[in-house]
Amino acid sequence: MAAQFGRRLRKGAANTAVAAVAVAALAASQAPDVTTDGAGGQTSSGTPSPDAPAGDSATGNSPYYTDLPPLNSPTPSPSSGSTGTPVVTGDASAGIPATVLDAYKKAEATLREKKPGCNLPWELLAAIGKVESGQARGGQVSADGTTTSPILGPQLNGVGFANISDTDGGAYDGDASYDRAVGPMQFIPSTWAWAGRDGNGDGVKNPNNIYDAALAAGHYLCRFGWDLSTASDLRSAILSYNNSTDYLNTVLSWLEYYRKGTHEVPDGTGQLPSGRSDTPAGASPTPTPPATSRPPVKPNPTPPASGGSQKPTSPPATPPDTTPPPTTPPTTPPPTTPPTAPQTPTDTVHHLEDAGTAKLTAMAGDVFTERISTRAETKSGEGVGRVRVRFTIVGATDTTFTGGETVATVVTGSAGVAVAPALQAGEKTGSFTVRATVVGRSLPGVGYSATVTARAADTLVRTTSTELTCVAGGEFAERVQVRATYQGDVADGVAATATLVTSADDPAVNDKGPYFKDADGKAVRTLTGLTTGAGGLLTLPELYADDTTGTFLLRLTTTGGATLTVELTVTAPAASPSPSVSESAPAGT
């Protein structure tokens, strides 16, 4: 297979001319004023220029696989003609190696969050991965998604290819003279330098890792604000990856095919393509084995021609036996059994087991303290390491993993245990499920129930210790402010209620004494729908007093059981002083 990656040649100038016309037409359909994020070779509208240097594409316009989907593939929808000229022609295996498929779907999920307006479908990444590397050579990848050997394109030395001198000192492609396309998505080093991403969270941007490469390809296709759900932007994005109309139509064909349906196959068992865009016209896409030569047949002796001078041969003493020899039936060669592929660790998994996960509960907005643990086991119960386990959040919830995704894939350790990333609760309360499955196998999964509860507080305290007093018929000078905490931490967003109660032993609403005012200015003695804010603080509205004097109680409660009772004192107005006798006597008395 490596040899195929070293024999890339470009097609003739005819295809280049056609591509130029197609791309020129695309340029007219783009919205204006789209700017670049670091890649050149674009028109002012963001459309790939037909004259763009190869170094400005993802692949350096390197060769690619030209195999098309099989003949009995579903017919493309009528709308597909508006995005190109897909030539779907078949019913070949629609299987995509499990880890490769997982990488495409994970990249789609990330882009859905990071660039939702792009509308990147994972099937587009699969189509590009098919024509660039045959899905990482049929899924020849390790458990973390790294190809088992580097995938390298030809040396871009200008001899039958683009001329791109070395830009990375051979760091990615091992060539210090010229660049080569690298990895399952075939990035050239100069493009990878700014487009590379870390898709598997190991802290490294590796073009030979399918998770890194798929995420980088997704960002690359979305980089100009393109909306890939529209025909013109989809065409522009594909042409920016490899500026060839034939390439565009081949990718569109696989995109349409994969949209009709596909499925996982075990890593390393994907169908390998054979046709290459660098195969000369009329040449066989794959080497043809030489014909088997037969050993020369020794001719029987023949008598000399009539009239010769040789002495006639004396007849043999015994007449020759003219009976034909017995016919021996041809032997049928024993059937050959195709070699059995060696078992991978994934092949040995019989089932998944819970590995001791405790109750999964968290308050809204908090991180779950417990993490899900799953163990991959053989039939005899032995743990199986180096197996990919996929965790998927299912149900009506806004809870995600701490990375913001709803799907996470983890490789089991030597004991067969995979620990999912921590769960981050959203604001929606209620129950949901996390399902664990084995990537690449159709085995029953394991479901884990989880619950998000409302935000709660277990303690309420006043922020000041000032006595709250008021004269009958007046207004309290200070508003009541409290702080809520839960297990010593600030508790913001917690629902609370404030009620003026009858007494410490009677929580009924008091019908006299202090009160709040509603929007119409009417007296109310219960406030609901209160919520603690930043820092867990809650400040109540102004309090007023009727003409009843005495000591009254204001009780605050929260979700979670926190309770605080505050005393309010209402005093009688100060008595007006009585006038003195001298002041009240008439003048001159």
# chains A, B, ... in the order shown; residues from 1 in each chain; ligands from 1
>>> residues_around(residues="A:Ile188", least_positions_apart="5", cutoff="7 Å", atoms="only C-alpha atoms", output="JSON list (two decimals) with C-alpha atoms, in the first residue's frame")
[["chain", "number", "residue", "atom", "x", "y", "z"],
["A", 58, "ALA", "CA", -4.99, 21.46, 2.31],
["A", 59, "THR", "CA", -3.30, 18.77, 0.23],
["A", 60, "GLY", "CA", -1.09, 20.75, -2.12],
["A", 179, "ASP", "CA", 6.97, 18.79, 1.26],
["A", 180, "ARG", "CA", 4.68, 15.77, 1.06],
["A", 181, "ALA", "CA", 1.02, 15.35, 1.96],
["A", 182, "VAL", "CA", 0.79, 13.63, 5.35]]
>>> closest_atom_pairs(of="stretch 120-164 of chain A", to="stretch 236-243 of chain A", cutoff="12 Å", atoms="only C-alpha atoms", output="Markdown table")
| residue | atom | partner | partner_atom | distance |
| --- | --- | --- | --- | --- |
| A:Leu120 | CA | A:Ala237 | CA | 10.5 |
| A:Leu124 | CA | A:Ile238 | CA | 9.0 |
| A:Leu125 | CA | A:Ile238 | CA | 10.2 |
| A:Ala127 | CA | A:Ile238 | CA | 10.3 |
| A:Ile128 | CA | A:Ile238 | CA | 8.5 |
| A:Gly129 | CA | A:Tyr241 | CA | 11.5 |
| A:Val131 | CA | A:Asn242 | CA | 10.8 |
| A:Glu132 | CA | A:Asn242 | CA | 10.0 |
>>> residues_around(residues="stretch 483-500 of chain A", least_positions_apart="2", cutoff="9 Å", atoms="only C-alpha atoms", output="MDAnalysis selection string")
chainID A and resid 454:463 481 502:503 507:511 513:515 525:540 552:560 562
>>> write_last_selection(atoms="N, CA and C atoms", output="short mmCIF file (atom, residue, chain, number, x, y, z; two decimals), in the first residue's frame")
data_model
loop_
_atom_site.label_atom_id
_atom_site.label_comp_id
_atom_site.auth_asym_id
_atom_site.auth_seq_id
_atom_site.Cartn_x
_atom_site.Cartn_y
_atom_site.Cartn_z
N ALA A 454 -32.29 20.20 41.49
CA ALA A 454 -32.29 21.66 41.51
C ALA A 454 -31.17 22.18 42.39
N ARG A 455 -30.69 23.37 42.08
CA ARG A 455 -29.67 24.00 42.93
C ARG A 455 -30.20 24.15 44.35
N ALA A 456 -29.36 23.96 45.34
CA ALA A 456 -29.82 23.96 46.73
C ALA A 456 -28.85 24.71 47.63
N ALA A 457 -29.35 25.09 48.80
CA ALA A 457 -28.53 25.72 49.84
C ALA A 457 -28.85 25.03 51.16
N ASP A 458 -27.86 24.93 52.02
CA ASP A 458 -28.11 24.35 53.35
C ASP A 458 -27.93 25.36 54.47
N THR A 459 -27.50 26.59 54.11
CA THR A 459 -27.30 27.62 55.14
C THR A 459 -27.67 28.98 54.58
N LEU A 460 -28.35 29.77 55.41
CA LEU A 460 -28.65 31.16 55.10
C LEU A 460 -28.20 32.03 56.27
N VAL A 461 -27.51 33.12 55.99
CA VAL A 461 -27.11 34.05 57.05
C VAL A 461 -27.33 35.48 56.55
N ARG A 462 -27.63 36.39 57.50
CA ARG A 462 -27.73 37.80 57.14
C ARG A 462 -26.34 38.36 56.91
N THR A 463 -26.25 39.32 56.01
CA THR A 463 -24.93 39.91 55.72
C THR A 463 -24.59 41.02 56.70
N GLN A 481 -30.90 41.46 53.60
CA GLN A 481 -30.01 40.79 52.63
C GLN A 481 -29.41 39.55 53.30
N THR A 502 -46.82 33.86 61.38
CA THR A 502 -47.57 34.25 62.58
C THR A 502 -46.71 34.17 63.82
N SER A 503 -45.93 33.04 63.97
CA SER A 503 -45.07 32.88 65.13
C SER A 503 -44.01 31.84 64.80
N PRO A 507 -46.24 28.51 61.09
CA PRO A 507 -45.71 29.07 59.84
C PRO A 507 -46.76 29.71 58.96
N ALA A 508 -48.01 29.82 59.48
CA ALA A 508 -49.05 30.45 58.68
C ALA A 508 -48.71 31.92 58.45
N VAL A 509 -49.21 32.44 57.33
CA VAL A 509 -48.91 33.82 56.98
C VAL A 509 -49.63 34.76 57.94
N ASN A 510 -48.88 35.72 58.48
CA ASN A 510 -49.45 36.70 59.39
C ASN A 510 -50.36 37.66 58.60
N ASP A 511 -51.43 38.10 59.21
CA ASP A 511 -52.35 39.01 58.52
C ASP A 511 -52.21 40.44 59.00
N GLY A 513 -49.05 43.47 60.69
CA GLY A 513 -47.66 43.77 60.91
C GLY A 513 -46.95 44.12 59.60
N PRO A 514 -45.63 43.91 59.52
CA PRO A 514 -44.85 44.30 58.34
C PRO A 514 -45.35 43.58 57.07
N TYR A 515 -45.08 44.23 55.94
CA TYR A 515 -45.52 43.66 54.67
C TYR A 515 -44.65 44.20 53.53
N ARG A 525 -47.58 39.44 52.03
CA ARG A 525 -46.72 38.98 53.10
C ARG A 525 -46.02 37.66 52.77
N THR A 526 -46.07 37.25 51.50
CA THR A 526 -45.31 36.09 51.02
C THR A 526 -44.73 36.42 49.65
N LEU A 527 -43.44 36.18 49.49
CA LEU A 527 -42.76 36.38 48.20
C LEU A 527 -42.22 35.03 47.73
N THR A 528 -42.63 34.61 46.54
CA THR A 528 -42.10 33.37 45.94
C THR A 528 -41.33 33.72 44.67
N GLY A 529 -40.63 32.73 44.12
CA GLY A 529 -39.88 32.96 42.88
C GLY A 529 -38.60 33.73 43.07
N LEU A 530 -38.16 33.84 44.31
CA LEU A 530 -36.88 34.52 44.56
C LEU A 530 -35.72 33.59 44.21
N THR A 531 -34.60 34.16 43.81
CA THR A 531 -33.42 33.36 43.45
C THR A 531 -32.16 34.04 43.94
N THR A 532 -31.27 33.29 44.54
CA THR A 532 -30.00 33.87 44.97
C THR A 532 -29.16 34.21 43.74
N GLY A 533 -28.42 35.30 43.83
CA GLY A 533 -27.61 35.75 42.70
C GLY A 533 -26.14 35.45 42.91
N ALA A 534 -25.31 36.25 42.23
CA ALA A 534 -23.86 36.07 42.32
C ALA A 534 -23.42 36.16 43.77
N GLY A 535 -22.52 35.27 44.15
CA GLY A 535 -22.06 35.24 45.52
C GLY A 535 -23.06 34.65 46.48
N GLY A 536 -24.17 34.10 45.95
CA GLY A 536 -25.20 33.53 46.81
C GLY A 536 -26.05 34.57 47.51
N LEU A 537 -25.97 35.83 47.07
CA LEU A 537 -26.67 36.91 47.76
C LEU A 537 -28.12 37.02 47.30
N LEU A 538 -28.99 37.39 48.25
CA LEU A 538 -30.39 37.66 47.97
C LEU A 538 -30.79 38.88 48.80
N THR A 539 -31.24 39.93 48.10
CA THR A 539 -31.69 41.15 48.77
C THR A 539 -33.19 41.28 48.57
N LEU A 540 -33.95 41.36 49.66
CA LEU A 540 -35.40 41.44 49.58
C LEU A 540 -35.86 42.86 49.29
N PHE A 552 -42.24 40.93 65.11
CA PHE A 552 -42.76 40.06 64.07
C PHE A 552 -41.61 39.23 63.46
N LEU A 553 -41.98 38.14 62.79
CA LEU A 553 -40.96 37.22 62.25
C LEU A 553 -41.05 37.11 60.73
N LEU A 554 -39.91 37.24 60.08
CA LEU A 554 -39.77 37.02 58.63
C LEU A 554 -38.97 35.73 58.44
N ARG A 555 -39.56 34.74 57.76
CA ARG A 555 -38.87 33.45 57.58
C ARG A 555 -38.50 33.28 56.10
N LEU A 556 -37.23 32.95 55.85
CA LEU A 556 -36.73 32.67 54.50
C LEU A 556 -36.36 31.19 54.41
N THR A 557 -36.77 30.54 53.32
CA THR A 557 -36.44 29.14 53.08
C THR A 557 -35.94 28.98 51.64
N THR A 558 -35.12 27.95 51.41
CA THR A 558 -34.58 27.70 50.07
C THR A 558 -34.75 26.23 49.72
N THR A 559 -34.60 25.94 48.43
CA THR A 559 -34.48 24.56 48.01
C THR A 559 -33.26 23.96 48.68
N GLY A 560 -33.39 22.80 49.25
CA GLY A 560 -32.29 22.19 49.97
C GLY A 560 -32.45 22.28 51.47
N ALA A 562 -32.43 25.11 53.59
CA ALA A 562 -31.88 26.21 54.40
C ALA A 562 -33.02 27.10 54.89
#
>>> closest_atom_pairs(of="stretch 355-386 of chain A", to="stretch 397-403 of chain A", cutoff="12 Å", atoms="only C-alpha atoms", output="JSON lines")
{"residue": "A:Thr361", "atom": "CA", "partner": "A:Thr399", "partner_atom": "CA", "distance": 11.6}
{"residue": "A:Ala362", "atom": "CA", "partner": "A:Thr399", "partner_atom": "CA", "distance": 10.3}
{"residue": "A:Met363", "atom": "CA", "partner": "A:Thr399", "partner_atom": "CA", "distance": 10.9}
{"residue": "A:Ala364", "atom": "CA", "partner": "A:Thr399", "partner_atom": "CA", "distance": 8.9}
{"residue": "A:Gly365", "atom": "CA", "partner": "A:Thr399", "partner_atom": "CA", "distance": 8.8}
{"residue": "A:Asp366", "atom": "CA", "partner": "A:Thr399", "partner_atom": "CA", "distance": 9.8}
{"residue": "A:Val367", "atom": "CA", "partner": "A:Thr402", "partner_atom": "CA", "distance": 7.8}
{"residue": "A:Phe368", "atom": "CA", "partner": "A:Thr402", "partner_atom": "CA", "distance": 9.6}
{"residue": "A:Thr369", "atom": "CA", "partner": "A:Thr402", "partner_atom": "CA", "distance": 11.7}
{"residue": "A:Arg371", "atom": "CA", "partner": "A:Phe401", "partner_atom": "CA", "distance": 10.2}
{"residue": "A:Ile372", "atom": "CA", "partner": "A:Phe401", "partner_atom": "CA", "distance": 11.1}
>>> select_by_dssp(residues="stretch 448-585 of chain A", states="alpha helix (DSSP H)", output="PyMOL selection string")
chain A and resi 581-584
>>> atom_distance(atom1="atom CA of A:Val387", atom2="atom CA of A:Trp192")
29.0 Å
